[in-house]
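Here the structure comes first, spelled out in structure tokens, and everything after it is commentary.
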Amino acid sequence: MDVPYGKTIRCGCGRIHEIEPREVYAGDAVARQAAQWAMWAADGERAVLVADRRTYEAAGRTVARALQEAAFAVDEIILSDGGPARPPVCDEATHAVVLDRLGEGANVVLAVGSGVISDVGKWAAFERGLPLITVATAASMNGYTSANVAPTIGGLKSLVRARPPRAVLADPRVIRDAPYELTTAGLGDALAKTTSATDWRLNHLLFGDYYCPASVALTDRIEPLYSDRPEALADREPAAIAALLEGLMLTGVAMTMAESSAPASGGEHMVSHTLDMLSSLDGHPHDLHGRQVGVGTILACELYRRVLAVESPELRAPAGDVDEAYWGPLAPACRKEYSRKLPRYEQAAKRIRTGSTWDDLRTELAAMVRPPERIRSCLERARGAVVAADVGCDRVRLLAALLHGHEARSRFTVLDLARMLGVMPGAAAEIVH
Ligand SMILES: [Zn+2]
Ligand SMILES: [Zn+2]
């Protein structure tokens with residue numbers, strides 16, 4: 001499928017997808033394009049530009065200048081950044097700061113940055129009903145083009161539905177020169193698709209949940225261009241980095257088509273979210289989202305391999321409550337999510353016991369999921385993160401995150417299926433390194 005930015009498509013899945021953003025631009029005229037889009041979108045002359053120190057230097061300053069040349073009054077919000085160890089976070093506090101500044105007669109928001117800046121800008125612009133233009137500064141995650149925001153609210157990794165930007169603009173030189181760990185994070189987030197899309201299909205097969213094959217297929221053409229020769233990313237080859245960025249943009253579109261994060265966020269993401277949540281409890285720093293997600297993807301692929309090898313399932317009911325000692329003050333919030341999932345365990349068991357469901361499911365999912373070695377090798381060759389030590393934690397911490405990840409969200413994933421089949425918790429100690 002050609003990239004349908006700005007189009008309305010009548011899809012084979014039965015839905016009509018309105019594809020935003022209207023444009024994803026990669027080229028060297030980002031500042032001019034940003035000013036142009038701001039003029040089209042804004043209902044007045046006040047622009048608010050959100051960045052952090054690094055992204056302001058990388059692209060924000062030239063965007064601000066172009067906006068001023070286009071007769072905008074520009075209010076710059078440079079989010080506090082305590083150095084590489086303490087980048088800004090997308091939480092209630094940051095949100096409140098940005099929201100407050102947008103209340104002062106703003107007409108358009110420009111988010112110049114990657115994960116956190118893109119999310120903070122999207123969230124605040126949506127709540128104020130303002131148009132958003134995003135200037136991407138790293139190929140680090142798939143959220144630029146999506147409607148979702150993934151903030152931490154009260155220590156819990158949450159999901160807020162907002163609106164995609166009108167346009168996402170990226171200068172390939174800025175993307176290439178971004179700190180390299182951001183690119184390895186983007187690779188991890190892109191590779192997650194193998195397990196997240198499989199989890200989505202699993203939900204379709206077990207519960208009849210909505211599923212759109214066209215959204216899953218969006219990245220098929222582009223994926224080999226960054227995953228077949230991942231060394232090219234480490235060598236900062238422009239074509240490989242451009243392909244990764246395009247793959248990430250398309251993944252965001254897939255989420256918009258699905259009207260949920262399901263095509264891009266499954267059990268592998270739960271491992272990363274749990275590490276993030278644990279950090280909010282004990283202050284131990286976590287790594288970049290996509291680097292943790294890449295490690296989570298290797299683990300989720302390992303689980304799928306073991307789950308799909310089970311010929312005659314002997315089903316057991318997972319625990320009826322979350323591990324209070326592990327979650328501490330986050331236990332009530334996790335319990336709320338987890339209790340919404342409990343009925344699905346019964347539904348899943350009933351379905352798996354019916355007719356040829358289990359055999360059909362095994363055949364279908366085996367065709368979607370990749371072997372863990374393939375994901376590991378891809379990340380290794382790109383000099384990305386593959387084991388606990390690579391994401392700044394020890395094996396015990398990662399093992400605990402794998403064992404508790406299913407308790408933090410209501411989404412049914414391979415982490416849950418592995419519990420039902422008795423693959424987990426036993427396999428966890430074998431696969432975490
Ligand atoms: Zn569709
Ligand atoms: Zn992600």
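Chain labels run A, B, ... following the order of the structure tokens; each chain numbers its residues from 1, and ligands are numbered from 1 in the order shown.
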Give me, as CSV, each residue of chain A that comes within 7 Å of ligand 2, together with its shortest interatomic pair and the distance in Å at one decimal, counting only C-alpha atoms and all ligand atoms, with rows ordered by chain and rising residue number.
residue,atom,partner,partner_atom_place_in_ligand_line,distance
A:Met141,CA,ligand 2,1 (Zn),6.1
A:Asn142,CA,ligand 2,1 (Zn),6.2
A:Asp189,CA,ligand 2,1 (Zn),4.9
A:Ala264,CA,ligand 2,1 (Zn),6.7
A:Ser265,CA,ligand 2,1 (Zn),6.2
A:His269,CA,ligand 2,1 (Zn),6.4
A:His289,CA,ligand 2,1 (Zn),6.5
A:Gly290,CA,ligand 2,1 (Zn),5.9
A:Val293,CA,ligand 2,1 (Zn),6.6
Preceding selection exported with N, CA, C and O atoms as a tab-separated table (two decimals), in the first residue's frame:
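Contents of out_16.tsv, freshly written:
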chain	number	residue	atom	x	y	z
A	141	MET	N	11.48	6.44	18.15
A	141	MET	CA	10.23	5.79	18.61
A	141	MET	C	9.16	5.98	17.53
A	141	MET	O	9.34	6.75	16.60
A	142	ASN	N	8.02	5.30	17.74
A	142	ASN	CA	7.00	5.30	16.68
A	142	ASN	C	5.83	6.23	16.95
A	142	ASN	O	4.81	6.16	16.28
A	189	ASP	N	11.95	-0.28	19.04
A	189	ASP	CA	10.52	0.00	18.96
A	189	ASP	C	9.94	-0.53	17.63
A	189	ASP	O	8.81	-1.01	17.59
A	264	ALA	N	1.20	-1.98	17.72
A	264	ALA	CA	2.60	-1.68	18.03
A	264	ALA	C	2.95	-1.86	19.49
A	264	ALA	O	4.06	-1.51	19.91
A	265	SER	N	2.06	-2.37	20.30
A	265	SER	CA	2.36	-2.49	21.72
A	265	SER	C	1.72	-3.74	22.31
A	265	SER	O	0.51	-3.78	22.51
A	269	HIS	N	6.16	-4.57	25.20
A	269	HIS	CA	6.07	-3.23	25.78
A	269	HIS	C	5.80	-3.29	27.28
A	269	HIS	O	6.21	-2.40	28.02
A	289	HIS	N	12.88	4.13	26.16
A	289	HIS	CA	11.74	3.25	25.88
A	289	HIS	C	12.08	2.15	24.86
A	289	HIS	O	11.96	0.97	25.13
A	290	GLY	N	12.54	2.56	23.70
A	290	GLY	CA	12.75	1.60	22.61
A	290	GLY	C	13.87	0.60	22.88
A	290	GLY	O	13.83	-0.52	22.38
A	293	VAL	N	12.25	-1.87	25.02
A	293	VAL	CA	11.26	-2.60	24.22
A	293	VAL	C	11.96	-3.65	23.34
A	293	VAL	O	11.45	-4.77	23.18
Give me, as a count of residues only, the set of residues whose atoms come within 7 Å of any atom of ligand 1, counting only C-alpha atoms and all ligand atoms. 11
Hey, which of A:Asn107, A:Gly143, A:Glu92, A:Ser410 ends up closest to Asp75 (chain A)? Count only C-alpha atoms.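 For Asp75 (chain A), the nearest of the candidates is A:Asn107.
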Per-residue nearest contacts region 374-394 of chain A to region 220-233 of chain A, cut-off 12 Å, using only C-alpha atoms, as JSON lines:
{"residue": "A:Arg374", "atom": "CA", "partner": "A:Ser227", "partner_atom": "CA", "distance": 9.6}
{"residue": "A:Ile375", "atom": "CA", "partner": "A:Ser227", "partner_atom": "CA", "distance": 8.9}
{"residue": "A:Arg376", "atom": "CA", "partner": "A:Ser227", "partner_atom": "CA", "distance": 11.2}
{"residue": "A:Ser377", "atom": "CA", "partner": "A:Pro230", "partner_atom": "CA", "distance": 9.1}
{"residue": "A:Cys378", "atom": "CA", "partner": "A:Pro230", "partner_atom": "CA", "distance": 6.0}
{"residue": "A:Leu379", "atom": "CA", "partner": "A:Pro230", "partner_atom": "CA", "distance": 7.5}
{"residue": "A:Glu380", "atom": "CA", "partner": "A:Pro230", "partner_atom": "CA", "distance": 8.6}
{"residue": "A:Arg381", "atom": "CA", "partner": "A:Glu231", "partner_atom": "CA", "distance": 5.3}
{"residue": "A:Ala382", "atom": "CA", "partner": "A:Glu231", "partner_atom": "CA", "distance": 4.9}
{"residue": "A:Arg383", "atom": "CA", "partner": "A:Glu231", "partner_atom": "CA", "distance": 7.8}
{"residue": "A:Gly384", "atom": "CA", "partner": "A:Pro230", "partner_atom": "CA", "distance": 9.8}
Can you list, as a PyMOL selection string, every protein, DNA or RNA residue that comes within 9 Å of Asp28 (chain A) when you count only C-alpha atoms, leaving out same-chain residues fewer than 6 positions away? chain A and resi 170-173
